[in-house]
Amino acid sequence: MLSEKIYTLRRKSGLSQEQLAEKIGVSRQAISKWEGGQSTPELEKLKALSECFQISLDELTGNQPTPPKPDPPVPRSPGESKAGIFLCLLGAVSLLLFGLLTVLRPSSIDQLSESSMITLNGTGILIAFFVLLMALGLLLILRKR
């Protein structure tokens, strides 16, 4: 109810009936009648009350406040999506070619593993790199969709 809302907002603001009356240009008795439900403020006084309490008229009169509009989506540059698709495809094609090479020429995999100076063998490094390319591509594609 409006009377309860005015009372609650006035108390929250730490104002007495007299102080609120002075702020919006009415008598203390008018505030008392509004809070007691014996009368209702005119439109101009409702506007003054909403400004005083820094709320909308809808909130003051008990209507549901209009929900805030969501922020507009941040536009993505078309290049990001294209780069993501490219990286994803590059990783997938590289993995497929690597698998095909493994099947067709197993000896080349042994050579790659022997030439690697890292503890993880060369094939593991290549697979990890290709999967990383695909993951990076997916990340760029799906970012803030």
# chains A, B, ... in the order shown; residues from 1 in each chain; ligands from 1

call {"tool": "residues_around", "arguments": {"residues": "Ser13 in chain A", "least_positions_apart": "4", "cutoff": "10 Å", "atoms": "only C-alpha atoms", "output": "PDB file with N, CA, C and O atoms, in the first residue's frame"}}
result
ATOM      1  N   TYR A   7       5.637   5.617   4.591  1.00  0.00           N
ATOM      2  CA  TYR A   7       6.159   5.496   5.958  1.00  0.00           C
ATOM      3  C   TYR A   7       7.527   4.811   5.957  1.00  0.00           C
ATOM      4  O   TYR A   7       8.485   5.289   6.569  1.00  0.00           O
ATOM      5  N   THR A   8       7.617   3.691   5.248  1.00  0.00           N
ATOM      6  CA  THR A   8       8.868   2.926   5.213  1.00  0.00           C
ATOM      7  C   THR A   8      10.002   3.743   4.601  1.00  0.00           C
ATOM      8  O   THR A   8      11.118   3.778   5.137  1.00  0.00           O
ATOM      9  N   LEU A   9       9.728   4.402   3.484  1.00  0.00           N
ATOM     10  CA  LEU A   9      10.771   5.190   2.812  1.00  0.00           C
ATOM     11  C   LEU A   9      11.212   6.374   3.677  1.00  0.00           C
ATOM     12  O   LEU A   9      12.403   6.703   3.728  1.00  0.00           O
ATOM     13  N   LEU A  20      10.148  15.737   6.096  1.00  0.00           N
ATOM     14  CA  LEU A  20       9.664  15.325   4.774  1.00  0.00           C
ATOM     15  C   LEU A  20       8.665  16.339   4.240  1.00  0.00           C
ATOM     16  O   LEU A  20       8.721  16.715   3.061  1.00  0.00           O
ATOM     17  N   CYS A  52      12.278  12.847  -3.959  1.00  0.00           N
ATOM     18  CA  CYS A  52      12.882  12.929  -2.624  1.00  0.00           C
ATOM     19  C   CYS A  52      13.509  11.596  -2.231  1.00  0.00           C
ATOM     20  O   CYS A  52      14.612  11.564  -1.682  1.00  0.00           O
ATOM     21  N   PHE A  53      12.805  10.499  -2.510  1.00  0.00           N
ATOM     22  CA  PHE A  53      13.310   9.175  -2.135  1.00  0.00           C
ATOM     23  C   PHE A  53      14.157   8.539  -3.239  1.00  0.00           C
ATOM     24  O   PHE A  53      14.659   7.432  -3.082  1.00  0.00           O
TER      25      PHE A  53
END

call {"tool": "atom_distance", "arguments": {"atom1": "CA of Phe130 in chain A", "atom2": "CA of Leu101 in chain A"}}
result
14.5 Å

call {"tool": "residues_around", "arguments": {"residues": "Ser56 in chain A", "least_positions_apart": "4", "cutoff": "9 Å", "atoms": "only C-alpha atoms", "output": "JSON, numbers by chain"}}
result
{"A": [47, 50, 51, 60, 61, 65]}

call {"tool": "residues_around", "arguments": {"residues": "Ala30 in chain A", "least_positions_apart": "3", "cutoff": "12 Å", "atoms": "only C-alpha atoms", "output": "number ranges by chain"}}
result
A: 3, 6, 17-18, 20-22, 24-27, 33-42, 45

call {"tool": "atom_distance", "arguments": {"atom1": "CA of Leu96 in chain A", "atom2": "CA of Arg143 in chain A"}}
result
25.5 Å

call {"tool": "closest_residue", "arguments": {"among": "A:Gly62, A:Met134, A:Leu49, A:Gln54", "to": "Lys5 in chain A", "atoms": "only C-alpha atoms"}}
result
A:Gly62

call {"tool": "atom_distance", "arguments": {"atom1": "CA of Lys12 in chain A", "atom2": "CA of Ile31 in chain A"}}
result
15.3 Å
